[in-house]
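Everything below concerns the one structure shown next.
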Amino acid sequence: MTDHYDVVIVGTGAGGGTLASVLAQAGRRILLLERGDFLTRELPNWDPEQVFVDGRYISPDTWYDADGRPFQPQVHYFVGGATKMYGAALYRLRPADFGEIQHADGPSPAWPLGYDEFEPWYTKAEWLYQVHGAHGQDPTEGHWSRQYPWPAVSHEPRIQQIADTLAGAGYHPFHAPCGVLLDEADRPFSACIRCDTCDGFPCLVHAKSDAEVIAVRPVLDRPNVTLLVNAEVQRLETDASGATVTGVVVSRGGSAETYSGDIVVVSAGAANSARILLRSASDRHPAGLANGSDQVGRNYMFHNSNAVIALDKEPNDTVFQKTLGLNDFYFAGDGRPWPLGNIQMIGKSNAAAMRGEEPALTKLAPNFSLEDVAKHAVDFWLTTEDIPRPDNRVTVDGDGQIHLACRPSNAAEASALYGELRKIMNHIGIAAHHVLDKNFYLHMGIPIAGVAHQAGTCRFGADPASSVLDPNCKAHELDNLYVVDSSFMPSIGAVNPALTVMANAIRVGEHLAGRTA
Ligand SMILES: Cc1cc2nc3c(=O)[nH]c(=O)nc-3n(C[C@H](O)[C@H](O)[C@H](O)COP(=O)(O)OP(=O)(O)OC[C@H]3O[C@@H](n4cnc5c(N)ncnc54)[C@H](O)[C@@H]3O)c2cc1C
């Protein structure tokens with residue numbers, strides 16, 4: 001096997017997988033190094049007990065909190081990364097998210113580029129990931145240069161009723177953008193059957209637009225693409241000047257191997273990308289690679305989210321529930337001093353998962369059995385922005401293990417958003433006291449372990465003193481090192497992050513295709 005490539009990419013998730021798709025089609029010789037393997041298609045993919053209770057697809061990592069206590073993070077090391085398990089809600093940030101926004105707990109900083117500059121790549125990402133949606137319904141969204149490739153996924157009857165009632169009460173519900181492969185005519189196998197297992201499950205029939213299905217698999221038979229699985233990158237080596245990465249050291253099959261590329265891209269997810277850079281400390285980079293500014297690992301963000309079950313009087317027969325979104329409280333205004341965030345529907349509750357994770361739910365609602373709770377549940381996901389704080393950070397210890405210090409922000413905003421949801425309940429005929437926390441999703445009961453929306457540990461910016469990456473996502477201090485995953489985000493907004501990671505990967509991919517031409 002040749003050991004030198006045009007581009008070596010570490011990680012195959014939303015960032016690395018999407019980047020590989022762009023560079024492979026541009027004809028560059030790329031090596032993909034993925035710590036995990038392909039996620040096996042098997043019946044347990046859709047078994048809530050195996051997925052949620054037994055944690056079948058959670059990787060057996062141990063991380064440590066700020067006090068050195070071990071915990072198991074909700075990470076998924078597979079070809080496709082976290083997108084194998086994601087809910088495929090593929091939202092754009094709002095234009096205002098690219099500027100500075102004042103929050104209850106401080107400012108969310110501006111990006112080095114604006115929404116209008118970023119917009120073309122959002123459109124490309126929506127088309128690559130075959131998103132279903134309807135631009136023009138949500139008054140908070142920015143301009144779009146092209147409509148979604150597929151029409152919005154239709155609401156089932158109960159969700160349509162909720163949308164109609166909310167619209168009648170003066171709210172602005174919209175069809176949520178969904179990355180599912182619903183064009184059955186073209187896809188005899190990879191066709192979405194509108195089951196209830198997008199959120200938190202792998203898709204057994206490969207009908208979810210994840211990074212493996214959409215970005216990595218389609219380029220694997222090209223002669224210019226090499227993928228090594230079960231290949232965990234340990235550290236990066238540089239030349240004597242410290243300006244160029246010359247070696248990517250990998251642990252594979254019990255031995256160490258070294259690969260090289262004209263360009264090296266780290267896309268291992270926000271925590272693991274920081275880990276790789278910090279573990280690559282050397283004489284030239286004593287605090288870790290690209291870390292002269294002491295910013296690598298800092299500004300870790302995770303959404304301040306709440307999963308909520310509203311108990312309807314009538315059974316809720318909806319199967320594919322995540323078709324509705326609401327951004328009426330996204331910004332400050334109308335008497336709200338702060339932005340509150342986004343409300344969307346999530347996958348339908350099921351008794352098996354609740355039984356394993358949250359037996360306390362029955363105590364909160366003594367008139368309902370868990371089966372009743374699941375049958376009558378209308379499930380919402382509330383997202384409030386978490387602001388970047390320097391002390392919320394990833395560090396590594398002498399053994400290279402991840403330590404994560406994380407204190408969530410904007411609790412007052414999250415609580416006000418919850419209050420707005422309770423008001424909405426009155427409109428849709430659900431008593432406010434029939435709203436319960438649904439903490440089992442993403443293990444929100446153990447907040448630090450819920451790292452699904454991790455971001456921000458290598459943020460991009462124009463100023464090398466306050467950022468790790470330049471606006472092209474190249475490390476300020478090195479000539480050929482890039483970071484292309486959720487690490488680059490200077491702020492996370494209050495919508496799901498994956499589409500922004502994908503769009504940025506296409507943007508940087510086009511830059512790298514030009515640079516390596
Ligand atoms: C249950 C769940 C639901 C979610 N739902 C949504 C949603 O509906 N919408 C949304 O926008 N986002 C959602 N997300 C978040 C979304 O999946 C992430 O934001 C996105 O995948 C981040 O992309 P990334 O490239 O930064 O990391 P990842 O996609 O995680 O990719 C990182 C890759 O690097 C690999 N890797 C790690 N360390 C190494 C190493 N040392 N060597 C080699 N490879 C390595 C990993 O195995 C992985 O393949 C969800 C996530 C989860 C877990």
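FYI, nothing fancy with the structure tokens labels: chains A, B, ... in order, residues from 1 per chain, ligands from 1 as they appear.
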
Can you check which parts of segment 241-337 of chain A lie within 6 Å of segment 446-467 of chain A? Per residue, the shortest pair of atoms and distance in Å to one decimal, counting only C-alpha atoms, sorted by chain and number, as JSON lines.
```
{"residue": "A:Ala270", "atom": "CA", "partner": "A:Ala455", "partner_atom": "CA", "distance": 5.2}
{"residue": "A:Ser293", "atom": "CA", "partner": "A:Ala465", "partner_atom": "CA", "distance": 5.2}
{"residue": "A:Val296", "atom": "CA", "partner": "A:Cys458", "partner_atom": "CA", "distance": 5.3}
{"residue": "A:Gly297", "atom": "CA", "partner": "A:Thr457", "partner_atom": "CA", "distance": 4.3}
{"residue": "A:Arg298", "atom": "CA", "partner": "A:Thr457", "partner_atom": "CA", "distance": 5.2}
{"residue": "A:Asn299", "atom": "CA", "partner": "A:Gly456", "partner_atom": "CA", "distance": 5.6}
{"residue": "A:Tyr300", "atom": "CA", "partner": "A:Gly456", "partner_atom": "CA", "distance": 5.0}
{"residue": "A:Met301", "atom": "CA", "partner": "A:Ala455", "partner_atom": "CA", "distance": 5.2}
{"residue": "A:Phe302", "atom": "CA", "partner": "A:Gln454", "partner_atom": "CA", "distance": 5.0}
```

Item to check | Residues flagged strand (DSSP E or B) by DSSP in segment 68-290 of chain A, as number ranges by chain | outcome: A: 70-71, 78, 89, 101-103, 106-108, 132, 150, 173-175, 178, 180, 208, 225-228, 231-238, 245-252, 255-266

Item to check | Polymer residues at most 6 Å from segment 42-47 of chain A, only C-alpha atoms, same-chain spacing of 3 or more positions, as a PyMOL selection string | outcome: chain A and resi 50+202+204

Residue subset to file, keeping N, CA and C atoms, as a PDB file, in the first residue's frame:
```pdb
ATOM      1  N   GLN A  50     -32.157  -2.965  22.923  1.00  0.00           N
ATOM      2  CA  GLN A  50     -30.721  -3.142  22.652  1.00  0.00           C
ATOM      3  C   GLN A  50     -30.019  -1.804  22.448  1.00  0.00           C
ATOM      4  N   PRO A 202     -29.411   3.277  14.426  1.00  0.00           N
ATOM      5  CA  PRO A 202     -28.911   3.148  13.062  1.00  0.00           C
ATOM      6  C   PRO A 202     -30.073   2.752  12.154  1.00  0.00           C
ATOM      7  N   LEU A 204     -31.497   0.319   9.594  1.00  0.00           N
ATOM      8  CA  LEU A 204     -31.252  -1.035   9.084  1.00  0.00           C
ATOM      9  C   LEU A 204     -31.283  -1.081   7.559  1.00  0.00           C
TER      10      LEU A 204
END
```

How would you write, as a PDB file with C-alpha atoms, in the first residue's frame, the set of residues no farther than 7 Å from ligand 1 when counting only C-alpha atoms and all ligand atoms?
```pdb
ATOM      1  CA  VAL A  10      -8.903  11.288  10.115  1.00  0.00           C
ATOM      2  CA  GLY A  11     -12.538  10.298  10.800  1.00  0.00           C
ATOM      3  CA  THR A  12     -15.461   9.541   8.482  1.00  0.00           C
ATOM      4  CA  GLY A  13     -18.388  11.376  10.121  1.00  0.00           C
ATOM      5  CA  ALA A  14     -20.307  14.488   9.108  1.00  0.00           C
ATOM      6  CA  GLY A  15     -17.064  16.434   8.633  1.00  0.00           C
ATOM      7  CA  GLY A  16     -14.548  13.847   7.403  1.00  0.00           C
ATOM      8  CA  LEU A  33      -8.462   6.628   8.669  1.00  0.00           C
ATOM      9  CA  GLU A  34     -11.433   5.540  10.782  1.00  0.00           C
ATOM     10  CA  ARG A  35     -11.180   4.361  14.358  1.00  0.00           C
ATOM     11  CA  GLY A  36     -14.352   2.276  14.142  1.00  0.00           C
ATOM     12  CA  GLN A  74     -22.362   8.671  24.354  1.00  0.00           C
ATOM     13  CA  VAL A  75     -19.955   8.352  21.419  1.00  0.00           C
ATOM     14  CA  HIS A  76     -20.312   6.133  18.365  1.00  0.00           C
ATOM     15  CA  TYR A  77     -17.164   5.090  16.523  1.00  0.00           C
ATOM     16  CA  PHE A  78     -18.258   3.803  13.129  1.00  0.00           C
ATOM     17  CA  VAL A  79     -17.819   4.635   9.471  1.00  0.00           C
ATOM     18  CA  GLY A  80     -20.199   7.621   9.349  1.00  0.00           C
ATOM     19  CA  GLY A  81     -19.449   8.672  12.932  1.00  0.00           C
ATOM     20  CA  ALA A  82     -22.260  10.091  15.024  1.00  0.00           C
ATOM     21  CA  THR A  83     -24.470  10.428  11.945  1.00  0.00           C
ATOM     22  CA  MET A  85     -27.194   7.340  15.146  1.00  0.00           C
ATOM     23  CA  TYR A  86     -28.375  10.865  14.471  1.00  0.00           C
ATOM     24  CA  GLY A  87     -31.946  12.040  13.978  1.00  0.00           C
ATOM     25  CA  ALA A  88     -31.139  13.558  10.562  1.00  0.00           C
ATOM     26  CA  ALA A  89     -32.830  16.862  11.450  1.00  0.00           C
ATOM     27  CA  LEU A  90     -30.755  18.941   9.037  1.00  0.00           C
ATOM     28  CA  TYR A  91     -31.228  22.609   9.963  1.00  0.00           C
ATOM     29  CA  ASP A 199     -33.479   9.422  16.326  1.00  0.00           C
ATOM     30  CA  GLY A 200     -30.795   7.493  18.176  1.00  0.00           C
ATOM     31  CA  ALA A 231      -7.368   2.508  12.501  1.00  0.00           C
ATOM     32  CA  GLU A 232      -7.113   4.835  15.485  1.00  0.00           C
ATOM     33  CA  VAL A 233      -4.950   7.887  14.985  1.00  0.00           C
ATOM     34  CA  GLN A 234      -2.751   8.439  18.018  1.00  0.00           C
ATOM     35  CA  SER A 267     -12.121  15.229  11.586  1.00  0.00           C
ATOM     36  CA  ALA A 268     -12.421  13.022  14.652  1.00  0.00           C
ATOM     37  CA  GLY A 269     -15.241  14.951  16.368  1.00  0.00           C
ATOM     38  CA  ALA A 270     -14.779  17.908  18.706  1.00  0.00           C
ATOM     39  CA  ASN A 272     -11.232  13.525  19.819  1.00  0.00           C
ATOM     40  CA  SER A 273      -9.812  16.097  17.413  1.00  0.00           C
ATOM     41  CA  ILE A 276      -5.192  14.156  18.853  1.00  0.00           C
ATOM     42  CA  LEU A 442     -29.071  10.874  24.790  1.00  0.00           C
ATOM     43  CA  ALA A 452     -23.974  14.127  20.817  1.00  0.00           C
ATOM     44  CA  HIS A 453     -23.839  17.820  19.866  1.00  0.00           C
ATOM     45  CA  GLN A 454     -20.225  18.435  20.961  1.00  0.00           C
ATOM     46  CA  ASP A 485     -15.602  18.716  11.978  1.00  0.00           C
ATOM     47  CA  SER A 486     -17.808  20.338  14.624  1.00  0.00           C
ATOM     48  CA  SER A 487     -14.649  21.626  16.368  1.00  0.00           C
ATOM     49  CA  ASN A 496     -28.965  20.821  15.303  1.00  0.00           C
ATOM     50  CA  PRO A 497     -25.353  21.175  14.113  1.00  0.00           C
ATOM     51  CA  ALA A 498     -24.765  18.458  11.477  1.00  0.00           C
ATOM     52  CA  LEU A 499     -25.839  20.346   8.338  1.00  0.00           C
ATOM     53  CA  VAL A 501     -20.617  20.688   9.738  1.00  0.00           C
TER      54      VAL A 501
END
```

Item to check | Residue among A:Val483, A:Leu370, A:Ala274, A:Ala134 lying closest to Leu324 of chain A, counting only C-alpha atoms | outcome: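 Looking at the shortest contact to Leu324 of chain A, the residue is A:Ala134.
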